[in-house]
Amino acid sequence: MSFPRSSISSSLLDAHGWDSGWAADFAPHAARGLVPGRVVRVDRGQCDVATAEGIVRADTAFVTPHDPLRVVCTGDWAAVDPEGAGDPRYVRACLPRRTAFARSTSSKRSEGQILAANVDHAVITVSLAVELDLGRIERFLALAWESGAQPTVVLSKADLVPDPVGLSYLVEDVETVAPGVQVLPLSSTTGEGLDVLAATIAGGTTVLLGVSGAGKSTLANALVGEDVMDVRAARDVDGKGRHTTTTRNLFVLPGGGVLIDTPGLRGVGLWDAEAGVGQVFSEIEELAGDCRFHDCAHESEPGCAVAVAIEDGSLPVRRLESYRKLIRENRRIVAKTDARVRSEMLKEWKRMGREGQKAMELKRGGGRGR
């Protein structure tokens with residue numbers, strides 16, 4: 001049975017997330033004779049794009065800006081040359097992103113790196129084969145909230161924790177660092193939790209995130225319903241595996257929506273994620289609103305509501321230390337490109353230096369001032 005080309009076009013694009021909003025944004029490009037498509041994979045200056053006629057290969061030379069955050073990325077909606085325009089075909093433009101998941105690179109230049117575009121759900125995959133790293137989970141959550149996506153934490157390999165009580169304690173531990181986030185124990189081996197996750201992410205674009213060996217590729221295969229990703233066993237000693245996923249790949253899910261799998265991340269550097277950090281540590285930000293001073297550093301200031309919470313045990317010390325660490329790291333990253341922030345940090349360092357010098361002088365002088 002044959003179908004009109006228009007209906008085929010609609011169904012293929014819709015499966016990849018096309019909607020009336022994207023169609024409106026694309027109108028100027030359609031007037032130039034270009035066709036829409038979603039980037040499903042990028043490598044070496046070229047990309048695979050899902051268009052009405054299927055997957056096409058296109059060159060990205062015309063949209064390669066100096067800003068690494070603006071390069072063509074998996075999840076982008078692109079305007080590409082029409083069929084018959086020549087070989088290779090080219091991506092001529094990308095539509096403005098609704099959301100973008102970015103991190104800082106590990107390079108000394110501290111550039112940003114875009115990991116996925118136009119994402120609705122960020123599934124942070126954490127293996128229960130190794131000890132939980134709550135600090136790393138907080139980092140992933142900060143980036144996820146900052147991206148504009150709704151995060152979910154998946155505790156993979158739950159079959160390795162057969163004791164229901166022990167598993168519930170692990171879930172509670174993660175819930176304490178993930179306010180407002182669903183924490184879901186899941187096993188790709190037994191199928192536990194898969195139906196709940198599939199229902200949660202149906203109809204949108206989901207990115208899988210986590211370190212190598214967390215079980216992302218196995219989870220991707222389970223969600224897609226076929227072996228689309230290579231899987232290798234993680235080491236028993238530390239749960240780490242080889243980077244079986246080397247590029248970011250987009251797949252259509254059988255229950256609706258699409259899934260982007262990503263390589264295992266060795267480093268999870270923040271990139272201008274102040275709002276995301278605030279969301280992860282919302283209880284600290286709420287407490288800070290009750291401090292006597294609006295610029296309270298939560299150290300030795302009188303009337304500090306955060307210090308009171310530490311003293312009465314309602315706020316764990318680890319949470320405050322993690323909050324401070326991420327705030328400092330984020331400010332350093334932002335200061336590299338924001339002169340105003342650099343100036344504010346310099347003033348703060350000078351103020352702290354003066355206060356430290358006065359304290360030393362008072363100590364040496366037995367309390368005598370100058």
# chains A, B, ... in the order shown; residues from 1 in each chain; ligands from 1
call {"tool": "select_by_dssp", "arguments": {"residues": "range 128-340 of chain A", "states": "strand (DSSP E)", "output": "PyMOL selection string"}}
result
chain A and resi 150-156+182-185+205-209+249-252+258-261
call {"tool": "residues_around", "arguments": {"residues": "range 34-38 of chain A", "least_positions_apart": "5", "cutoff": "7 Å", "atoms": "only C-alpha atoms", "output": "PyMOL selection string"}}
result
chain A and resi 16+29+49-51+75-82
call {"tool": "select_by_dssp", "arguments": {"residues": "range 94-215 of chain A", "states": "alpha helix (DSSP H)", "output": "PyMOL selection string"}}
result
chain A and resi 134-147+164-175+194-201
call {"tool": "atom_distance", "arguments": {"atom1": "CA of Leu69 in chain A", "atom2": "CA of Val56 in chain A"}}
result
23.6 Å
call {"tool": "closest_atom_pairs", "arguments": {"of": "range 142-174 of chain A", "to": "range 320-335 of chain A", "cutoff": "12 Å", "atoms": "only C-alpha atoms", "output": "tab-separated table"}}
result
residue	atom	partner	partner_atom	distance
A:Ala142	CA	A:Leu326	CA	9.0
A:Leu143	CA	A:Asn330	CA	10.9
A:Glu146	CA	A:Asn330	CA	11.9
call {"tool": "write_last_selection", "arguments": {"atoms": "C-alpha atoms", "output": "short mmCIF file (atom, residue, chain, number, x, y, z; two decimals), in the first residue's frame"}}
result
data_model
loop_
_atom_site.label_atom_id
_atom_site.label_comp_id
_atom_site.auth_asym_id
_atom_site.auth_seq_id
_atom_site.Cartn_x
_atom_site.Cartn_y
_atom_site.Cartn_z
CA ALA A 142 22.79 21.14 38.48
CA LEU A 143 23.58 20.84 34.77
CA GLU A 146 20.25 24.59 34.12
#
call {"tool": "decode", "arguments": {"residues": "range 156-180 of chain A", "atoms": "N, CA and C atoms", "output": "mmCIF file, in the first residue's frame"}}
result
data_model
loop_
_atom_site.group_PDB
_atom_site.id
_atom_site.type_symbol
_atom_site.label_atom_id
_atom_site.label_comp_id
_atom_site.auth_asym_id
_atom_site.auth_seq_id
_atom_site.Cartn_x
_atom_site.Cartn_y
_atom_site.Cartn_z
ATOM 1 N N SER A 156 20.656 2.329 38.312
ATOM 2 C CA SER A 156 20.708 1.145 37.468
ATOM 3 C C SER A 156 21.321 -0.050 38.207
ATOM 4 N N LYS A 157 21.125 -1.218 37.611
ATOM 5 C CA LYS A 157 21.640 -2.483 38.157
ATOM 6 C C LYS A 157 21.081 -2.751 39.553
ATOM 7 N N ALA A 158 19.782 -2.421 39.726
ATOM 8 C CA ALA A 158 19.126 -2.611 41.016
ATOM 9 C C ALA A 158 19.048 -4.076 41.408
ATOM 10 N N ASP A 159 19.186 -4.976 40.439
ATOM 11 C CA ASP A 159 19.156 -6.409 40.753
ATOM 12 C C ASP A 159 20.352 -6.834 41.585
ATOM 13 N N LEU A 160 21.395 -5.998 41.641
ATOM 14 C CA LEU A 160 22.571 -6.297 42.462
ATOM 15 C C LEU A 160 22.335 -5.979 43.936
ATOM 16 N N VAL A 161 21.182 -5.372 44.249
ATOM 17 C CA VAL A 161 20.812 -5.080 45.645
ATOM 18 C C VAL A 161 19.503 -5.807 45.926
ATOM 19 N N PRO A 162 19.559 -7.111 46.218
ATOM 20 C CA PRO A 162 18.332 -7.907 46.365
ATOM 21 C C PRO A 162 17.528 -7.582 47.614
ATOM 22 N N ASP A 163 18.168 -6.971 48.622
ATOM 23 C CA ASP A 163 17.465 -6.651 49.861
ATOM 24 C C ASP A 163 16.608 -5.402 49.666
ATOM 25 N N PRO A 164 15.280 -5.525 49.744
ATOM 26 C CA PRO A 164 14.396 -4.364 49.518
ATOM 27 C C PRO A 164 14.658 -3.222 50.500
ATOM 28 N N VAL A 165 14.975 -3.558 51.745
ATOM 29 C CA VAL A 165 15.222 -2.514 52.741
ATOM 30 C C VAL A 165 16.499 -1.754 52.398
ATOM 31 N N GLY A 166 17.556 -2.501 52.044
ATOM 32 C CA GLY A 166 18.809 -1.854 51.663
ATOM 33 C C GLY A 166 18.633 -0.968 50.442
ATOM 34 N N LEU A 167 17.837 -1.440 49.478
ATOM 35 C CA LEU A 167 17.593 -0.654 48.271
ATOM 36 C C LEU A 167 16.824 0.623 48.608
ATOM 37 N N SER A 168 15.859 0.528 49.518
ATOM 38 C CA SER A 168 15.081 1.716 49.899
ATOM 39 C C SER A 168 15.958 2.758 50.572
ATOM 40 N N TYR A 169 16.963 2.306 51.337
ATOM 41 C CA TYR A 169 17.881 3.250 51.974
ATOM 42 C C TYR A 169 18.716 3.995 50.919
ATOM 43 N N LEU A 170 19.138 3.277 49.893
ATOM 44 C CA LEU A 170 19.916 3.906 48.827
ATOM 45 C C LEU A 170 19.073 4.941 48.085
ATOM 46 N N VAL A 171 17.808 4.603 47.843
ATOM 47 C CA VAL A 171 16.902 5.549 47.182
ATOM 48 C C VAL A 171 16.735 6.795 48.050
ATOM 49 N N GLU A 172 16.568 6.607 49.363
ATOM 50 C CA GLU A 172 16.418 7.743 50.277
ATOM 51 C C GLU A 172 17.663 8.622 50.282
ATOM 52 N N ASP A 173 18.843 7.998 50.235
ATOM 53 C CA ASP A 173 20.086 8.771 50.217
ATOM 54 C C ASP A 173 20.133 9.699 49.009
ATOM 55 N N VAL A 174 19.710 9.187 47.850
ATOM 56 C CA VAL A 174 19.729 10.002 46.636
ATOM 57 C C VAL A 174 18.630 11.052 46.681
ATOM 58 N N GLU A 175 17.490 10.704 47.221
ATOM 59 C CA GLU A 175 16.387 11.672 47.302
ATOM 60 C C GLU A 175 16.761 12.883 48.136
ATOM 61 N N THR A 176 17.647 12.707 49.127
ATOM 62 C CA THR A 176 18.052 13.833 49.967
ATOM 63 C C THR A 176 18.869 14.861 49.188
ATOM 64 N N VAL A 177 19.521 14.453 48.093
ATOM 65 C CA VAL A 177 20.322 15.395 47.302
ATOM 66 C C VAL A 177 19.618 15.758 45.997
ATOM 67 N N ALA A 178 18.392 15.278 45.827
ATOM 68 C CA ALA A 178 17.665 15.509 44.569
ATOM 69 C C ALA A 178 16.246 15.991 44.837
ATOM 70 N N PRO A 179 16.088 17.152 45.491
ATOM 71 C CA PRO A 179 14.735 17.652 45.768
ATOM 72 C C PRO A 179 13.962 17.914 44.485
ATOM 73 N N GLY A 180 12.718 17.429 44.457
ATOM 74 C CA GLY A 180 11.871 17.646 43.294
ATOM 75 C C GLY A 180 12.172 16.739 42.125
#
